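The next block holds one structure in the form of structure tokens; read it before the comments.
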Amino acid sequence: MKIVREALAGTLESSDLMVRIAPRDAGLEIVLQSEVIHQFGAQIEAVARETLEKLGIDAAQVIIEDKGALDCVIRARLQTVVRRAADEWTADWSVLA
Amino acid sequence: MKLRRSMLFLPGANAAMLSTAFVFKPDSIMFDLEDAVSLREKDAARILVFHALQMPIYRESGMETVVRINPLSSPFGMEDLEAVVRAGVDVVRLPKTDTAEDVHQLEAEVERIERACGREVGSTKLMAAIESASGVVNAVSIAMASKRLIGIALAAFDYVMDMQTQRGDGSELYYARCAVLHAARYAKIDAFDAVFSDVNDDAGFLKEVDLIKRLGFNGKSLINPRQIELLHNAFAPTDEEVDYSRRVVAAALDGEKQGLGVISLNGKMIDAPIIEHARVVLRRAAASGTRK
């Protein structure tokens with residue numbers, strides 16, 4: 001799958017996050033803003049990278065505004081934004097689990 | 001004894017509610033992918049619910065998980081079903097069930113997905129929501145349509161629209177409630193009443209709960225966690241009912257030992273239905289506690 005358009009997923013409500021994604025020629029650029037960045041920043045970024053990697057996304061700009069979301073919410077929002085921004089959605093549910 | 005008094009609706013696209021709703025401890029928690037989710041968020045809600053269903057807190061809490069999917073005839077229903085069956089949902093709630101054929105179609109698709117993902121065939125249970133005159137008229141055949149059905153539910157908003165009326169004092173639902181309840185009892189499955197939407201009217205809510213409990217419903221769909229404790233308390237037997245039931249069961253056991261065909265308690269005849277009712281009250285008290 002390839003990111004071919006800009007997309008947005010999630011909200012800025014507590015326990016959620018907003019993710020924006022945009023095409024990039026090469027490499028993943030992840031920009032993270034979070035109220036708990038000092039405690040959980042590394043973990044949030046790791047979850048984001050792992051989720052994108054499982055979807056085969058290796059080139060995109062990703063901006064995450066985290067509001068204290070659980071890991072499963074982070075995965076869900078990233079998968080949603082990729083689905084909205086990709087040229088084709090080829091992931092089956094076993095990949096998303 | 002499996003209690004299904006409270007079935008709490010949660011909008012499937014709301015991450016905060018999905019992350020925390022387990023603290024309210026309803027008997028069943030229902031993630032909604034249908035009417036509570038806007039068209040543009042259907043994809044997001046489906047993926048969010050897919051992950052929420054796999055959260056250990058829901059898997060290990062003993063709380064029954066239910067997902068109301070979109071109708072299979074809509075562009076979203078089939079993908080909803082793929083997601084939730086694979087995620088291990090306990091019960092799939094089918095909206096707008098008009099005929100037994102709707103249940104047959106759902107069952108066939110659920111079985112196909114179970115086989116495809118390696119889930120035990122038959123482990124996904126079903127619930128049919130009746131929301132139209134057609135559904136009410138066909139309630140018996142719907143309730144009998146599948147061994148997977150754990151219950152049927154009356155959903156009032158669409159039903160009253162179909163009947164060209166509106167929500168009022170409850171008289172507008174009287175026939176539908178009785179029809180759904182009789183169908184469920186005939187099929188030996190549970191019956192669930194519709195939501196009470198005014199969350200600030202506790203007195204009106206409790207009046208409706210009293211009515212549906214006396215009619216015989218197992219429970220009710222809820223839209224606000226505040227209604228859970230009110231509902232559970234109203235469904236709990238009183239100390240007096242428990243005390244009387246204990247004496248009935250004790251008298252029945254005593255009569256059995258003495259070989260008596262007919263027994264009495266305080267001068268009143270105790271027969272089999274009264275003894276069975278007393279046992280149900282004691283089982284319910286053991287499962288839920290007594291009324292506060």
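Ordered as shown in the structure tokens, chains take letters A, B, and onward, while each chain numbers its residues from 1 and ligands are numbered from 1 in the order shown.
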
DSSP on the backbone, then: every residue of chain A marked helix (DSSP H, G or I), written as number ranges by chain. A: 37-54, 71-85, 93-96

Emit the selected residues as a compact mmCIF listing (two decimals), in the first residue's frame, including N, CA, C and O atoms.
# COMPACT_ATOMS: atom_id res chain seq x y z
N ILE A 37 4.14 13.17 26.77
CA ILE A 37 5.25 12.78 25.88
C ILE A 37 6.47 12.30 26.67
O ILE A 37 7.17 11.38 26.23
N HIS A 38 6.71 12.90 27.84
CA HIS A 38 7.90 12.49 28.61
C HIS A 38 7.77 11.07 29.14
O HIS A 38 8.72 10.31 29.18
N GLN A 39 6.55 10.70 29.57
CA GLN A 39 6.36 9.34 30.10
C GLN A 39 6.13 8.31 28.98
O GLN A 39 6.64 7.20 29.04
N PHE A 40 5.35 8.68 27.97
CA PHE A 40 4.90 7.67 27.01
C PHE A 40 5.27 7.97 25.55
O PHE A 40 4.86 7.22 24.65
N GLY A 41 5.99 9.05 25.31
CA GLY A 41 6.30 9.43 23.93
C GLY A 41 6.95 8.32 23.13
O GLY A 41 6.54 8.03 21.99
N ALA A 42 7.96 7.67 23.72
CA ALA A 42 8.68 6.61 23.00
C ALA A 42 7.75 5.44 22.69
O ALA A 42 7.80 4.87 21.60
N GLN A 43 6.89 5.13 23.65
CA GLN A 43 5.97 3.99 23.44
C GLN A 43 4.93 4.31 22.36
O GLN A 43 4.63 3.46 21.51
N ILE A 44 4.42 5.53 22.38
CA ILE A 44 3.42 5.92 21.36
C ILE A 44 4.06 5.84 19.98
O ILE A 44 3.46 5.28 19.04
N GLU A 45 5.28 6.34 19.86
CA GLU A 45 5.94 6.31 18.54
C GLU A 45 6.23 4.87 18.11
O GLU A 45 6.07 4.53 16.93
N ALA A 46 6.60 4.04 19.08
CA ALA A 46 6.87 2.63 18.75
C ALA A 46 5.61 1.93 18.24
O ALA A 46 5.64 1.17 17.27
N VAL A 47 4.48 2.20 18.91
CA VAL A 47 3.20 1.60 18.48
C VAL A 47 2.85 2.10 17.07
O VAL A 47 2.42 1.32 16.22
N ALA A 48 3.07 3.39 16.84
CA ALA A 48 2.77 3.96 15.53
C ALA A 48 3.63 3.33 14.44
O ALA A 48 3.13 2.92 13.38
N ARG A 49 4.91 3.22 14.70
CA ARG A 49 5.83 2.64 13.69
C ARG A 49 5.47 1.18 13.42
O ARG A 49 5.45 0.73 12.27
N GLU A 50 5.20 0.44 14.48
CA GLU A 50 4.87 -0.98 14.32
C GLU A 50 3.58 -1.14 13.49
O GLU A 50 3.48 -2.00 12.61
N THR A 51 2.60 -0.29 13.79
CA THR A 51 1.31 -0.36 13.07
C THR A 51 1.51 -0.06 11.58
O THR A 51 0.98 -0.77 10.71
N LEU A 52 2.28 0.99 11.30
CA LEU A 52 2.52 1.37 9.89
C LEU A 52 3.33 0.29 9.18
O LEU A 52 3.05 -0.04 8.02
N GLU A 53 4.30 -0.27 9.89
CA GLU A 53 5.14 -1.31 9.29
C GLU A 53 4.29 -2.53 8.91
O GLU A 53 4.45 -3.10 7.82
N LYS A 54 3.37 -2.93 9.80
CA LYS A 54 2.53 -4.09 9.50
C LYS A 54 1.64 -3.85 8.28
O LYS A 54 1.24 -4.78 7.59
N ASP A 71 -3.07 2.12 23.72
CA ASP A 71 -2.36 1.59 22.54
C ASP A 71 -3.33 1.11 21.46
O ASP A 71 -3.10 1.32 20.26
N CYS A 72 -4.42 0.46 21.89
CA CYS A 72 -5.34 -0.09 20.87
C CYS A 72 -6.05 1.04 20.11
O CYS A 72 -6.38 0.88 18.93
N VAL A 73 -6.26 2.17 20.78
CA VAL A 73 -6.87 3.32 20.09
C VAL A 73 -5.86 3.92 19.10
O VAL A 73 -6.23 4.29 17.98
N ILE A 74 -4.59 3.97 19.51
CA ILE A 74 -3.55 4.48 18.60
C ILE A 74 -3.50 3.60 17.33
O ILE A 74 -3.48 4.11 16.21
N ARG A 75 -3.51 2.30 17.53
CA ARG A 75 -3.49 1.39 16.37
C ARG A 75 -4.71 1.63 15.47
O ARG A 75 -4.59 1.72 14.25
N ALA A 76 -5.88 1.73 16.11
CA ALA A 76 -7.12 1.89 15.35
C ALA A 76 -7.10 3.17 14.53
O ALA A 76 -7.48 3.17 13.35
N ARG A 77 -6.66 4.26 15.13
CA ARG A 77 -6.67 5.55 14.41
C ARG A 77 -5.65 5.55 13.27
O ARG A 77 -5.91 6.10 12.19
N LEU A 78 -4.50 4.93 13.49
CA LEU A 78 -3.50 4.86 12.42
C LEU A 78 -3.99 3.99 11.27
O LEU A 78 -3.81 4.32 10.10
N GLN A 79 -4.59 2.87 11.59
CA GLN A 79 -5.11 2.00 10.54
C GLN A 79 -6.21 2.72 9.74
O GLN A 79 -6.29 2.58 8.51
N THR A 80 -7.03 3.48 10.46
CA THR A 80 -8.10 4.22 9.77
C THR A 80 -7.52 5.27 8.82
O THR A 80 -7.97 5.40 7.67
N VAL A 81 -6.52 6.01 9.31
CA VAL A 81 -5.98 7.08 8.47
C VAL A 81 -5.26 6.52 7.24
O VAL A 81 -5.35 7.09 6.15
N VAL A 82 -4.61 5.38 7.41
CA VAL A 82 -3.96 4.75 6.26
C VAL A 82 -5.02 4.28 5.26
O VAL A 82 -4.89 4.46 4.05
N ARG A 83 -6.08 3.69 5.80
CA ARG A 83 -7.16 3.23 4.91
C ARG A 83 -7.71 4.39 4.07
O ARG A 83 -8.06 4.22 2.91
N ARG A 84 -7.79 5.55 4.69
CA ARG A 84 -8.35 6.71 3.98
C ARG A 84 -7.36 7.34 3.00
O ARG A 84 -7.78 8.04 2.08
N ALA A 85 -6.07 7.11 3.24
CA ALA A 85 -5.05 7.81 2.43
C ALA A 85 -4.36 6.92 1.41
O ALA A 85 -3.63 7.42 0.55
N TRP A 93 -8.21 -8.48 8.12
CA TRP A 93 -8.37 -8.24 9.57
C TRP A 93 -7.26 -8.90 10.39
O TRP A 93 -6.94 -8.43 11.48
N SER A 94 -6.67 -9.99 9.87
CA SER A 94 -5.60 -10.63 10.65
C SER A 94 -4.38 -9.72 10.76
O SER A 94 -3.62 -9.78 11.73
N VAL A 95 -4.18 -8.85 9.75
CA VAL A 95 -3.06 -7.90 9.80
C VAL A 95 -3.34 -6.79 10.81
O VAL A 95 -2.43 -6.27 11.46
N LEU A 96 -4.61 -6.45 10.97
CA LEU A 96 -4.97 -5.35 11.87
C LEU A 96 -4.97 -5.76 13.34
O LEU A 96 -4.89 -4.91 14.22

Using only C-alpha atoms, select each residue of chain B with any atom at most 9 Å away from an atom of chain A, and give the selection as a list in words.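 Taking only C-alpha atoms into account, Ala13, Asn14, Ala15, Ala16, Met17, Ser19, Glu41, Asp43, Ala44, Ala45, Ile47, Leu48, Val49, Phe50, His51, Ala52, Gln54, Met55, Glu82, Ala83, Arg86, Ala87 and Cys117 of chain B sit within 9 Å of chain A.
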
Pull the strand (DSSP E) assignments for chain A out of DSSP run on the backbone, and list those residues as a ChimeraX atom specification. /A:7-10,17-22,27-34,59-66

Env of stretch 29-36 of chain A: 6 Å cut, atoms = only C-alpha atoms, seq-sep filter 5 positions within chain, self excluded. Answer as JSON, numbers by chain. {"A": [61, 62, 63, 64, 65, 66]}

So that I can see what lies close to B:Ala179, please list as JSON, numbers by chain the residues with an atom at most 12 Å from it, counting only C-alpha atoms and leaving out residues fewer than 3 positions away in the same chain. {"B": [130, 133, 134, 135, 136, 137, 138, 139, 140, 141, 142, 143, 152, 153, 154, 173, 174, 175, 176, 182, 183, 184, 185, 186, 191, 193, 215, 216, 217]}

Please compute the atom CA of B:Pro237-atom CA of B:Ser61 distance, one decimal, in Å.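 Interatomic distance here is 24.3 Å.
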
From the options B:Leu72, B:Val209, B:Ile228, B:Leu260, which residue's atoms come nearest to B:Lys96, counting only C-alpha atoms?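 Comparing B:Leu72, B:Val209, B:Ile228, B:Leu260 against B:Lys96, the winner is B:Leu72.
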
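Omitting B:Lys25 and its sequence neighbours fewer than 3 positions away, and counting only C-alpha atoms, the residues within 9 Å are Ala21, Phe22, Ser28, Ile29, Ser61, Met63, Pro225 and Ile228 of chain B.
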
Pull N, CA, C and O atoms from the residues just selected and write them as an mmCIF file, in the first residue's frame.
data_model
loop_
_atom_site.group_PDB
_atom_site.id
_atom_site.type_symbol
_atom_site.label_atom_id
_atom_site.label_comp_id
_atom_site.auth_asym_id
_atom_site.auth_seq_id
_atom_site.Cartn_x
_atom_site.Cartn_y
_atom_site.Cartn_z
ATOM 1 N N ALA B 21 -15.763 2.257 29.471
ATOM 2 C CA ALA B 21 -17.142 1.888 29.823
ATOM 3 C C ALA B 21 -17.242 0.654 30.711
ATOM 4 O O ALA B 21 -18.244 0.466 31.403
ATOM 5 N N PHE B 22 -16.197 -0.172 30.736
ATOM 6 C CA PHE B 22 -16.249 -1.389 31.547
ATOM 7 C C PHE B 22 -16.444 -1.078 33.028
ATOM 8 O O PHE B 22 -16.933 -1.898 33.791
ATOM 9 N N SER B 28 -24.373 -6.482 29.845
ATOM 10 C CA SER B 28 -23.884 -6.580 28.460
ATOM 11 C C SER B 28 -23.505 -5.184 27.996
ATOM 12 O O SER B 28 -24.196 -4.212 28.312
ATOM 13 N N ILE B 29 -22.438 -5.122 27.225
ATOM 14 C CA ILE B 29 -22.014 -3.829 26.697
ATOM 15 C C ILE B 29 -22.161 -3.898 25.181
ATOM 16 O O ILE B 29 -21.710 -4.859 24.560
ATOM 17 N N SER B 61 -13.583 -9.683 31.808
ATOM 18 C CA SER B 61 -14.459 -9.105 32.831
ATOM 19 C C SER B 61 -15.709 -9.935 33.081
ATOM 20 O O SER B 61 -16.386 -9.752 34.088
ATOM 21 N N MET B 63 -18.207 -9.565 31.311
ATOM 22 C CA MET B 63 -19.248 -8.766 30.699
ATOM 23 C C MET B 63 -19.474 -9.280 29.271
ATOM 24 O O MET B 63 -18.509 -9.520 28.553
ATOM 25 N N PRO B 225 -25.021 5.336 31.372
ATOM 26 C CA PRO B 225 -24.558 4.472 32.468
ATOM 27 C C PRO B 225 -25.294 4.722 33.786
ATOM 28 O O PRO B 225 -25.388 3.823 34.619
ATOM 29 N N ILE B 228 -27.931 2.200 34.854
ATOM 30 C CA ILE B 228 -27.599 0.792 35.139
ATOM 31 C C ILE B 228 -27.980 0.410 36.570
ATOM 32 O O ILE B 228 -28.683 -0.581 36.807
#

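Between atom CA of B:Pro75 and atom CA of B:Ser197 the interatomic distance comes to 28.1 Å.
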
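The residue set within 6 Å of B:Ile189, counting only C-alpha atoms and dropping same-chain residues fewer than 2 places from it, reads Ile150, Gly151, Ala184 and Ala187 of chain B.
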
Could the residues in this selection be written to a file with C-alpha atoms, as a CSV table (one decimal), in the first residue's frame?
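Produced file selection-v8.csv, reproduced below:
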chain,number,residue,atom,x,y,z
B,150,ILE,CA,-29.9,-15.6,22.7
B,151,GLY,CA,-32.7,-13.1,22.5
B,184,ALA,CA,-39.1,-15.0,23.0
B,187,ALA,CA,-38.6,-19.9,21.6

Could you state the separation of atom CA of B:Asp158 and atom CA of B:Ser132 in Å, given to one decimal place?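 Interatomic distance, atom CA of B:Asp158 to atom CA of B:Ser132: 6.5 Å.
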
Which residue out of A:Ala26, A:Ala91, A:Val19, A:Met1 has the minimum interatomic distance to A:Ala59 when only C-alpha atoms are used? A:Ala26
